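Engineer: Questions regarding the structure given below will be posed in turn.
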Amino acid sequence: MSVIWLAAGAVGALIVVFIFVRLFRHLLERRTLAWQNRLLSRNVEEVRSIYARMRGWRHDYHSHLQTLKAYLAEEKLTEAREYLDRLETDLDEIRPMVESGNVNLDAILNAKLTLAISQDIQVKQRVEVPEKLTVSDIDLCVVIGNLLDNAMEACGKVDNAAERFIRLYIGVLKGQLYISVMNATAETTRKPQEAYVKEAAASEKKGNHGHGLKRIDRVILKYGGYLNRKNEPGVFATEVLLPL
């Protein structure tokens, strides 16, 4: 009888474990779907900000041609040249900011930096990357995307729009992929590196910013890279090294 009871108990335990696994998997799937929906919504907003200006220029294209034809019909060549110069300047403003050769990286950088400019953030960037990278496109976009999201979030808390800035540099340093993001911040006191590690660990309480820190840390750990966060009053900087 005791053997039967033990067997029944084992079966019951297996059933409980099975139910628990199913519930955990269901919860995980729901949370993953929710995160994907938030990410998709944000990406749609970023892409929309890029193409809104392009659609606007295309809408005015016919009017531009009519104006140029009118100048030429009246042989006002100086006015026509000046008008073309103004159009060229306008086109330069909607041209992709980054053309590194890495299509996926260019896509996320142009989306993020265009969004930053639309938020009255001064942007300066320099991007030079090899055609082939050891880091996967997905992981690279996780790092870059979260770094720039955090930078924009910090700039958004700076009251004076003239003081908001992002400086981005991506290149090769000592045979490794080097990423540097510097941005304005409203924080006026220095924080040690350990403080940001704690923020990442407590991401459930820190919202999107904390989740972003944690996702960056995971990618760095995955590739055995280097990460350094530091801040001075009004300025925050992050440096990343990843293997090529």
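Going by the structure tokens order, chains are called A, B, ..., each with residues numbered from 1, while ligands are numbered from 1 in the order shown.
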So that I can see what lies close to Arg167 of chain A, please list as a tab-separated table (two decimals) with C-alpha atoms, in the first residue's frame the residues with an atom at most 8 Å from it, counting only C-alpha atoms and leaving out residues fewer than 5 positions away in the same chain.

Structural biologist:
chain	number	residue	atom	x	y	z
A	123	VAL	CA	23.22	65.58	-32.38
A	124	LYS	CA	26.78	65.02	-33.53
A	125	GLN	CA	27.84	61.62	-34.79
A	180	SER	CA	30.80	55.95	-27.21
A	181	VAL	CA	27.61	57.82	-26.33
A	182	MET	CA	27.74	61.11	-24.43
A	183	ASN	CA	24.64	63.08	-23.56

Engineer: Can you tell me, as a VMD selection string, what residues are no more than 12 Å from Ala154 of chain A when counting only C-alpha atoms, ignoring any on the same chain fewer than 2 positions away?

Structural biologist: chain A and resid 116 119 121 147 to 152 156 to 159 163 to 166 182 to 187 209 231 234 to 237

Engineer: Rounded to one decimal in Å, what is the spacing between atom CA of Ser63 of chain A and atom CA of Leu115 of chain A?

Structural biologist: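 Atom-to-atom, atom CA of Ser63 of chain A and atom CA of Leu115 of chain A are spaced 27.6 Å apart.
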
Engineer: Could you give me, as a PDB file with all heavy atoms, in the first residue's frame, the residues within 8 Å of Gly224 of chain A, counting only C-alpha atoms and dropping anything in the same chain fewer than 2 positions from it?

Structural biologist:
ATOM      1  N   ILE A 220      26.935  42.694 -23.396  1.00  0.00           N
ATOM      2  CA  ILE A 220      28.354  42.860 -23.089  1.00  0.00           C
ATOM      3  C   ILE A 220      28.906  41.583 -22.472  1.00  0.00           C
ATOM      4  O   ILE A 220      29.991  41.105 -22.829  1.00  0.00           O
ATOM      5  CB  ILE A 220      28.571  44.044 -22.127  1.00  0.00           C
ATOM      6  CG1 ILE A 220      27.998  45.339 -22.712  1.00  0.00           C
ATOM      7  CG2 ILE A 220      30.059  44.203 -21.816  1.00  0.00           C
ATOM      8  CD1 ILE A 220      28.543  45.711 -24.052  1.00  0.00           C
ATOM      9  N   LEU A 221      28.153  41.007 -21.547  1.00  0.00           N
ATOM     10  CA  LEU A 221      28.575  39.768 -20.886  1.00  0.00           C
ATOM     11  C   LEU A 221      28.652  38.621 -21.882  1.00  0.00           C
ATOM     12  O   LEU A 221      29.575  37.798 -21.842  1.00  0.00           O
ATOM     13  CB  LEU A 221      27.604  39.427 -19.746  1.00  0.00           C
ATOM     14  CG  LEU A 221      27.907  38.165 -18.938  1.00  0.00           C
ATOM     15  CD1 LEU A 221      29.243  38.307 -18.222  1.00  0.00           C
ATOM     16  CD2 LEU A 221      26.785  37.904 -17.927  1.00  0.00           C
ATOM     17  N   LYS A 222      27.710  38.561 -22.790  1.00  0.00           N
ATOM     18  CA  LYS A 222      27.642  37.491 -23.788  1.00  0.00           C
ATOM     19  C   LYS A 222      28.904  37.430 -24.636  1.00  0.00           C
ATOM     20  O   LYS A 222      29.414  36.337 -24.950  1.00  0.00           O
ATOM     21  CB  LYS A 222      26.411  37.704 -24.685  1.00  0.00           C
ATOM     22  CG  LYS A 222      26.285  36.714 -25.829  1.00  0.00           C
ATOM     23  CD  LYS A 222      25.030  37.017 -26.654  1.00  0.00           C
ATOM     24  CE  LYS A 222      24.913  36.087 -27.853  1.00  0.00           C
ATOM     25  NZ  LYS A 222      23.685  36.391 -28.655  1.00  0.00           N
ATOM     26  N   TYR A 226      33.571  45.048 -22.843  1.00  0.00           N
ATOM     27  CA  TYR A 226      33.901  46.000 -21.778  1.00  0.00           C
ATOM     28  C   TYR A 226      32.845  47.091 -21.765  1.00  0.00           C
ATOM     29  O   TYR A 226      32.410  47.568 -22.822  1.00  0.00           O
ATOM     30  CB  TYR A 226      35.276  46.601 -22.028  1.00  0.00           C
ATOM     31  CG  TYR A 226      35.603  47.804 -21.160  1.00  0.00           C
ATOM     32  CD1 TYR A 226      36.050  47.641 -19.849  1.00  0.00           C
ATOM     33  CD2 TYR A 226      35.458  49.101 -21.665  1.00  0.00           C
ATOM     34  CE1 TYR A 226      36.352  48.743 -19.061  1.00  0.00           C
ATOM     35  CE2 TYR A 226      35.765  50.209 -20.885  1.00  0.00           C
ATOM     36  CZ  TYR A 226      36.204  50.021 -19.578  1.00  0.00           C
ATOM     37  OH  TYR A 226      36.491  51.118 -18.799  1.00  0.00           O
ATOM     38  N   LEU A 242      33.521  45.830 -27.909  1.00  0.00           N
ATOM     39  CA  LEU A 242      33.059  44.505 -28.266  1.00  0.00           C
ATOM     40  C   LEU A 242      34.043  43.894 -29.272  1.00  0.00           C
ATOM     41  O   LEU A 242      34.622  44.613 -30.094  1.00  0.00           O
ATOM     42  CB  LEU A 242      31.657  44.567 -28.883  1.00  0.00           C
ATOM     43  CG  LEU A 242      30.523  44.946 -27.921  1.00  0.00           C
ATOM     44  CD1 LEU A 242      29.263  45.292 -28.699  1.00  0.00           C
ATOM     45  CD2 LEU A 242      30.246  43.821 -26.938  1.00  0.00           C
ATOM     46  N   PRO A 243      34.220  42.582 -29.240  1.00  0.00           N
ATOM     47  CA  PRO A 243      35.187  41.956 -30.154  1.00  0.00           C
ATOM     48  C   PRO A 243      34.756  42.057 -31.611  1.00  0.00           C
ATOM     49  O   PRO A 243      33.564  42.031 -31.929  1.00  0.00           O
ATOM     50  CB  PRO A 243      35.205  40.493 -29.683  1.00  0.00           C
ATOM     51  CG  PRO A 243      33.883  40.294 -29.022  1.00  0.00           C
ATOM     52  CD  PRO A 243      33.554  41.607 -28.363  1.00  0.00           C
TER      53      PRO A 243
END

Engineer: Between A:Ala111, A:Leu244, A:Leu68, A:Leu84, which is the closest to Gly145 of chain A once you count only C-alpha atoms?

Structural biologist: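 Of all the options, A:Ala111 lies closest to Gly145 of chain A.
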
Engineer: As a PyMOL selection string, please: every residue in segment 81-157 of chain A that a backbone DSSP assignment puts in strand (DSSP E).

Structural biologist: chain A and resi 122-127

Engineer: Store the residues of this selection in a file with all heavy atoms, as a compact mmCIF listing (two decimals), in the first residue's frame.

Structural biologist:
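The resulting file, out00.txt, is reproduced below:
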# COMPACT_ATOMS: atom_id res chain seq x y z
N GLN A 122 20.53 68.44 -29.83
CA GLN A 122 21.63 68.63 -30.76
C GLN A 122 22.40 67.31 -30.90
O GLN A 122 22.81 66.73 -29.90
CB GLN A 122 22.57 69.72 -30.26
CG GLN A 122 21.90 71.07 -30.06
CD GLN A 122 22.85 72.08 -29.45
OE1 GLN A 122 23.99 72.23 -29.90
NE2 GLN A 122 22.41 72.76 -28.41
N VAL A 123 22.59 66.87 -32.13
CA VAL A 123 23.22 65.58 -32.38
C VAL A 123 24.49 65.75 -33.21
O VAL A 123 24.49 66.44 -34.23
CB VAL A 123 22.26 64.62 -33.12
CG1 VAL A 123 22.98 63.34 -33.52
CG2 VAL A 123 21.05 64.29 -32.25
N LYS A 124 25.55 65.14 -32.75
CA LYS A 124 26.78 65.02 -33.53
C LYS A 124 27.18 63.55 -33.53
O LYS A 124 27.13 62.90 -32.48
CB LYS A 124 27.90 65.87 -32.92
CG LYS A 124 27.71 67.36 -33.11
CD LYS A 124 28.94 68.13 -32.65
CE LYS A 124 28.77 69.63 -32.89
NZ LYS A 124 29.96 70.40 -32.45
N GLN A 125 27.53 63.05 -34.69
CA GLN A 125 27.84 61.62 -34.79
C GLN A 125 28.95 61.37 -35.79
O GLN A 125 29.14 62.12 -36.74
CB GLN A 125 26.59 60.83 -35.18
CG GLN A 125 25.87 61.29 -36.44
CD GLN A 125 26.52 60.83 -37.73
OE1 GLN A 125 27.20 59.80 -37.74
NE2 GLN A 125 26.31 61.54 -38.82
N ARG A 126 29.66 60.28 -35.53
CA ARG A 126 30.67 59.78 -36.47
C ARG A 126 30.66 58.26 -36.35
O ARG A 126 30.87 57.71 -35.27
CB ARG A 126 32.05 60.32 -36.13
CG ARG A 126 33.14 59.84 -37.11
CD ARG A 126 34.49 60.39 -36.72
NE ARG A 126 35.56 59.85 -37.58
CZ ARG A 126 36.85 60.07 -37.38
NH1 ARG A 126 37.24 60.81 -36.35
NH2 ARG A 126 37.75 59.54 -38.18
N VAL A 127 30.38 57.60 -37.45
CA VAL A 127 30.23 56.14 -37.44
C VAL A 127 31.07 55.54 -38.56
O VAL A 127 30.87 55.86 -39.74
CB VAL A 127 28.75 55.71 -37.61
CG1 VAL A 127 28.64 54.20 -37.58
CG2 VAL A 127 27.89 56.34 -36.53

Engineer: Would you mind telling me which residue in A:Leu168, A:Ala70, A:Leu227, A:Ile144 lies nearest to Met97 of chain A when using only C-alpha atoms?

Structural biologist: A:Leu168

Engineer: Could you give me the residues within segment 78-180 of chain A that DSSP places in alpha helix (DSSP H), as a PyMOL selection string?

Structural biologist: chain A and resi 78-94+103-118+137-156

Engineer: For a quick check of understanding, using only C-alpha atoms, which of A:Leu72, A:Val240, A:Leu109, A:Leu65 has the smallest distance to Gln176 of chain A?

Structural biologist: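 Nearest candidate to Gln176 of chain A out of A:Leu72, A:Val240, A:Leu109, A:Leu65: A:Val240.
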
Engineer: Find the residue from A:Ile108, A:Thr67, A:Val135, A:Ala162 that sits nearest to Glu82 of chain A; use only C-alpha atoms when measuring.

Structural biologist: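 When distances to Glu82 of chain A are compared using only C-alpha atoms, the smallest one comes from A:Thr67.
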
Engineer: Taking only C-alpha atoms into account, which of A:Arg86, A:Lys214, A:Lys174, A:Lys76 comes nearest Asn146 of chain A?

Structural biologist: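 Of A:Arg86, A:Lys214, A:Lys174, A:Lys76, the one nearest Asn146 of chain A is A:Lys214, counting only C-alpha atoms.
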
Engineer: Find the distance between atom CA of Ile216 of chain A and atom CA of Val143 of chain A and write it in Å to one decimal.

Structural biologist: 5.2 Å

Engineer: To one decimal place, how far is atom CA of Tyr71 of chain A from atom CA of Thr89 of chain A in Å?

Structural biologist: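 One can read the atom CA of Tyr71 of chain A to atom CA of Thr89 of chain A distance as 19.1 Å.
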
Engineer: Nearest to Glu239 of chain A among A:Thr134, A:Glu128, A:Ile179, A:Glu153, with distances taken over only C-alpha atoms: which residue is it?

Structural biologist: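 Ranked by minimum distance to Glu239 of chain A, first place goes to A:Ile179.
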